[in-house]
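Reading through the C-alpha cells given below for one structure.
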Amino acid sequence: MYIIFKRALDIFLSIVSMVILLPLIIPIVIGLRFTGEGYVFYFQERIGFKNKKFKIWKFSTMLKDSPNMLTGSLTLRDDPRLTPMGSFLRKTKINELPQVVNVLLGDMSIVGPRPQMQEDYNCYPKEIQEVIFDVLPGITGVGSILFRDEERFLSNTDLEPHEFYKQHIAPYKGALEIWYQQHASLSSDLKIIFLTAWAIFFPKSNLLFNVFKDLPKPPPIFSNPNSKSSASVEKSVSNLS
C-alpha cells in the first residue's frame, strides 16, 4: 500500500511543482541559453532502481566536458568548471528541478537515495552496492540533506578528494540510505520533503537529527575534515542491522 501511495504522491507533487515553478523555470531556461556554453539541460547516465542505468535530467551548471576535467564527477567549492549561473543553481538546488521529469517517467521518486554515476557508485562498500537501489532513487533524501554542502568537505580535507569520498563520504552516505529503506513510510517521506525545504533556508540547521533521532550519527571527521583520527564509518553501517 505504501508503494502505491508513494507513487501517487510522486506524480501529484511533480505535476504541481511544474505548474507552480513555471514562472521560475522560464527565466532560468532563457538565462542558461544565453550564458555559459548555451546548454539548458544536462543529461547524465546514473545508476537507478535495481542497479539499472538511466539518464537523469538537470539544469546545466558546469561545462559540458567537466566529467573529463579536474576532479571529474566531484565538485569542489568555487569549482572553475561552473557556468555563470551554475553556482547559484547548485547552492539553491534549483538545478535538480528538471528531475521531476524522471519522476513522471518512473525512473525516480521524490524521496530516495541519490542516483549515482558509475564512478561514485563504485565507491560504496560492496554490501551497500547490493541493496542501496532496491528502492527508486530520489531527488532528495536523508543523504542529500546531510551532504547538501558536500563541496565543503571535499575542499577542506588534506586527502585527495576522490580518496576522501571513497573512505568517508560514500560509506556514511550508504549507511544513511540503508537506514531510510528500513524506516521508509509516507510519514518519513513527508518529513524528508519538509526538511529539504528547511535546509535550503537554514543550511546550518541540525533539525534532521532532531526529527529522526535514531539516524546514524556522522563520524567525527565530518566536523573536522582535516582530522586524521576518525571513528570507523563501518561502525555506522553495522549499527543499522
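Ligands are numbered from 1 in the order shown, residues from 1 within each chain, and chains are lettered A, B, ... in the order they appear in the C-alpha cells.
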
* With a distance cut-off of 12 Å and only C-alpha atoms, select the neighbouring residues of Gln182 in chain A, excluding the residue or stretch itself and same-chain residues fewer than 5 positions from it, and output the selection as a list in words. => Gly112, Val131, Ile132, Asp134, Val135, Ala175, Leu176, Glu177, Ser188, Asp214, Leu215, Leu240 and Ser241 of chain A

Resulting file, chosen residues, N, CA and C atoms, as a PDB file, in the first residue's frame:
ATOM      1  N   GLY A 112      14.317   9.352  -1.931  1.00  0.00           N
ATOM      2  CA  GLY A 112      15.039   8.096  -2.098  1.00  0.00           C
ATOM      3  C   GLY A 112      16.530   8.356  -2.123  1.00  0.00           C
ATOM      4  N   VAL A 131      22.318  -3.353  -2.196  1.00  0.00           N
ATOM      5  CA  VAL A 131      20.952  -3.087  -1.710  1.00  0.00           C
ATOM      6  C   VAL A 131      20.515  -1.633  -1.802  1.00  0.00           C
ATOM      7  N   ILE A 132      21.436  -0.707  -2.088  1.00  0.00           N
ATOM      8  CA  ILE A 132      21.087   0.706  -1.986  1.00  0.00           C
ATOM      9  C   ILE A 132      19.988   1.107  -2.961  1.00  0.00           C
ATOM     10  N   ASP A 134      17.539  -0.909  -4.080  1.00  0.00           N
ATOM     11  CA  ASP A 134      16.363  -1.794  -4.012  1.00  0.00           C
ATOM     12  C   ASP A 134      15.089  -0.964  -3.968  1.00  0.00           C
ATOM     13  N   VAL A 135      15.249   0.344  -3.811  1.00  0.00           N
ATOM     14  CA  VAL A 135      14.139   1.293  -3.913  1.00  0.00           C
ATOM     15  C   VAL A 135      14.500   2.295  -5.005  1.00  0.00           C
ATOM     16  N   ALA A 175      25.198   4.263   4.585  1.00  0.00           N
ATOM     17  CA  ALA A 175      24.554   3.934   5.862  1.00  0.00           C
ATOM     18  C   ALA A 175      23.249   4.700   6.031  1.00  0.00           C
ATOM     19  N   LEU A 176      23.257   5.968   5.619  1.00  0.00           N
ATOM     20  CA  LEU A 176      22.042   6.791   5.721  1.00  0.00           C
ATOM     21  C   LEU A 176      20.940   6.254   4.810  1.00  0.00           C
ATOM     22  N   GLU A 177      21.307   5.849   3.589  1.00  0.00           N
ATOM     23  CA  GLU A 177      20.295   5.385   2.639  1.00  0.00           C
ATOM     24  C   GLU A 177      19.731   4.027   3.045  1.00  0.00           C
ATOM     25  N   SER A 188       7.604   9.394   6.887  1.00  0.00           N
ATOM     26  CA  SER A 188       9.022   9.762   6.806  1.00  0.00           C
ATOM     27  C   SER A 188       9.317  10.507   5.506  1.00  0.00           C
ATOM     28  N   ASP A 214      17.112   8.417  15.609  1.00  0.00           N
ATOM     29  CA  ASP A 214      17.925   7.204  15.507  1.00  0.00           C
ATOM     30  C   ASP A 214      18.747   7.164  14.222  1.00  0.00           C
ATOM     31  N   LEU A 215      18.842   8.292  13.533  1.00  0.00           N
ATOM     32  CA  LEU A 215      19.637   8.371  12.316  1.00  0.00           C
ATOM     33  C   LEU A 215      21.112   8.133  12.666  1.00  0.00           C
ATOM     34  N   LEU A 240      23.133  -0.298  11.809  1.00  0.00           N
ATOM     35  CA  LEU A 240      21.821  -0.323  11.155  1.00  0.00           C
ATOM     36  C   LEU A 240      21.172  -1.685  11.243  1.00  0.00           C
ATOM     37  N   SER A 241      21.949  -2.724  11.451  1.00  0.00           N
ATOM     38  CA  SER A 241      21.397  -4.080  11.436  1.00  0.00           C
ATOM     39  C   SER A 241      20.830  -4.469  12.777  1.00  0.00           C
TER      40      SER A 241
END

* **Residues near Phe5 in chain A, cut-off 8 Å, only C-alpha atoms, skip fewer than 4 positions along chain, as a ChimeraX atom specification** => /A:1,9,186

How would the residues just chosen look if you wrote them out with C-alpha atoms as an mmCIF file, in the first residue's frame?
data_model
loop_
_atom_site.group_PDB
_atom_site.id
_atom_site.type_symbol
_atom_site.label_atom_id
_atom_site.label_comp_id
_atom_site.auth_asym_id
_atom_site.auth_seq_id
_atom_site.Cartn_x
_atom_site.Cartn_y
_atom_site.Cartn_z
ATOM 1 C CA MET A 1 0.000 0.000 0.000
ATOM 2 C CA LEU A 9 2.429 11.365 -4.195
ATOM 3 C CA LEU A 186 4.649 8.016 3.841
#

* Leaving out Ser14 in chain A and any residue of its chain fewer than 6 positions from it, which residues lie within 10 Å of it when counting only C-alpha atoms, given as a PyMOL selection string? -> chain A and resi 8+97-104+109-110

I need the residues from that last selection saved to file as an mmCIF file, in the first residue's frame (with C-alpha atoms), if you can.
data_model
loop_
_atom_site.group_PDB
_atom_site.id
_atom_site.type_symbol
_atom_site.label_atom_id
_atom_site.label_comp_id
_atom_site.auth_asym_id
_atom_site.auth_seq_id
_atom_site.Cartn_x
_atom_site.Cartn_y
_atom_site.Cartn_z
ATOM 1 C CA ALA A 8 0.662 8.734 -6.327
ATOM 2 C CA LEU A 97 14.141 20.646 -10.632
ATOM 3 C CA PRO A 98 14.112 19.000 -14.103
ATOM 4 C CA GLN A 99 14.259 15.625 -12.355
ATOM 5 C CA VAL A 100 10.500 15.843 -11.900
ATOM 6 C CA VAL A 101 10.506 14.538 -15.486
ATOM 7 C CA ASN A 102 12.432 11.477 -14.273
ATOM 8 C CA VAL A 103 9.839 11.082 -11.525
ATOM 9 C CA LEU A 104 6.955 11.191 -14.005
ATOM 10 C CA SER A 109 10.902 9.143 -6.779
ATOM 11 C CA ILE A 110 10.712 12.444 -4.907
#

* To do: Tell me which protein, DNA and RNA residues are within 12 Å of range 195-210 of chain A, counting only C-alpha atoms, leaving out same-chain ones fewer than 5 positions away, and put them as a ChimeraX atom specification.
  => /A:89-94,110-111,139-149,176,188-190,215-218

Resulting file, chosen residues, C-alpha atoms, as a PDB file, in the first residue's frame:
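Output below, filename result_24.pdb:
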ATOM      1  CA  LEU A  89      21.576  26.899  -9.222  1.00  0.00           C
ATOM      2  CA  ARG A  90      23.585  24.285  -7.309  1.00  0.00           C
ATOM      3  CA  LYS A  91      23.534  26.156  -3.997  1.00  0.00           C
ATOM      4  CA  THR A  92      19.739  26.524  -4.108  1.00  0.00           C
ATOM      5  CA  LYS A  93      19.302  23.011  -5.599  1.00  0.00           C
ATOM      6  CA  ILE A  94      17.253  24.557  -8.402  1.00  0.00           C
ATOM      7  CA  ILE A 110      10.712  12.444  -4.907  1.00  0.00           C
ATOM      8  CA  VAL A 111      12.385  10.786  -1.891  1.00  0.00           C
ATOM      9  CA  ILE A 139      15.500  13.829  -5.913  1.00  0.00           C
ATOM     10  CA  THR A 140      16.079  14.236  -2.191  1.00  0.00           C
ATOM     11  CA  GLY A 141      16.688  12.063   0.847  1.00  0.00           C
ATOM     12  CA  VAL A 142      18.457  11.968   4.197  1.00  0.00           C
ATOM     13  CA  GLY A 143      21.834  11.731   2.452  1.00  0.00           C
ATOM     14  CA  SER A 144      21.018  14.662   0.191  1.00  0.00           C
ATOM     15  CA  ILE A 145      20.052  16.834   3.162  1.00  0.00           C
ATOM     16  CA  LEU A 146      23.064  15.985   5.264  1.00  0.00           C
ATOM     17  CA  PHE A 147      25.521  16.354   2.375  1.00  0.00           C
ATOM     18  CA  ARG A 148      23.886  19.446   0.880  1.00  0.00           C
ATOM     19  CA  ASP A 149      27.298  21.143   1.176  1.00  0.00           C
ATOM     20  CA  LEU A 176      22.042   6.791   5.721  1.00  0.00           C
ATOM     21  CA  SER A 188       9.022   9.762   6.806  1.00  0.00           C
ATOM     22  CA  ASP A 189       8.847  10.829   3.141  1.00  0.00           C
ATOM     23  CA  LEU A 190       6.761  13.891   4.017  1.00  0.00           C
ATOM     24  CA  LEU A 215      19.637   8.371  12.316  1.00  0.00           C
ATOM     25  CA  PRO A 216      23.268   7.131  12.146  1.00  0.00           C
ATOM     26  CA  LYS A 217      25.475   9.858  13.554  1.00  0.00           C
ATOM     27  CA  PRO A 218      28.261  11.254  11.344  1.00  0.00           C
TER      28      PRO A 218
END

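When only C-alpha atoms are used to measure the gap to Gly38 in chain A, the shortest distance among A:Phe54, A:Phe59, A:Phe88, A:Tyr124 belongs to A:Phe59.
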
* **Neighbour list for Tyr2 in chain A as an NGL selection string, cut-off 9 Å, only C-alpha atoms, skip fewer than 4 positions in-chain** => :A and (6-7 or 184-186)

* Could you pull out the strand (DSSP E) residues of range 10-210 of chain A from DSSP and send them as a PyMOL selection string? -> chain A and resi 41-47+53-59+109-111+138-140

* To do: Among the residues of range 11-216 of chain A, find those DSSP assigns to alpha helix (DSSP H) from the backbone and print them as a ChimeraX atom specification.
  => /A:11-20,22-33,86-91,100-105,118-121,126-129,142-146,150-155,161-164,170-183,186-201,207-211

* To do: Identify, on the basis of only C-alpha atoms, every residue whose closest approach to Pro84 in chain A does not exceed 8 Å; exclude the query and any residue fewer than 3 positions from it along the same chain; express the result as number ranges by chain.
  => A: 35-36, 87

Save out the residues we just selected, N, CA and C atoms, as a tab-separated table (two decimals), in the first residue's frame.
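Dumped to result.tsv:
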chain	number	residue	atom	x	y	z
A	35	THR	N	23.99	32.16	-21.65
A	35	THR	CA	25.21	32.28	-20.85
A	35	THR	C	25.97	30.96	-20.93
A	36	GLY	N	27.19	30.96	-20.41
A	36	GLY	CA	27.97	29.73	-20.40
A	36	GLY	C	28.16	29.20	-21.81
A	87	SER	N	26.77	28.19	-9.99
A	87	SER	CA	26.94	28.22	-8.54
A	87	SER	C	25.62	28.47	-7.82

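Rounded to one decimal, CA of Thr61 in chain A and CA of Gln167 in chain A lie 26.9 Å from each other.
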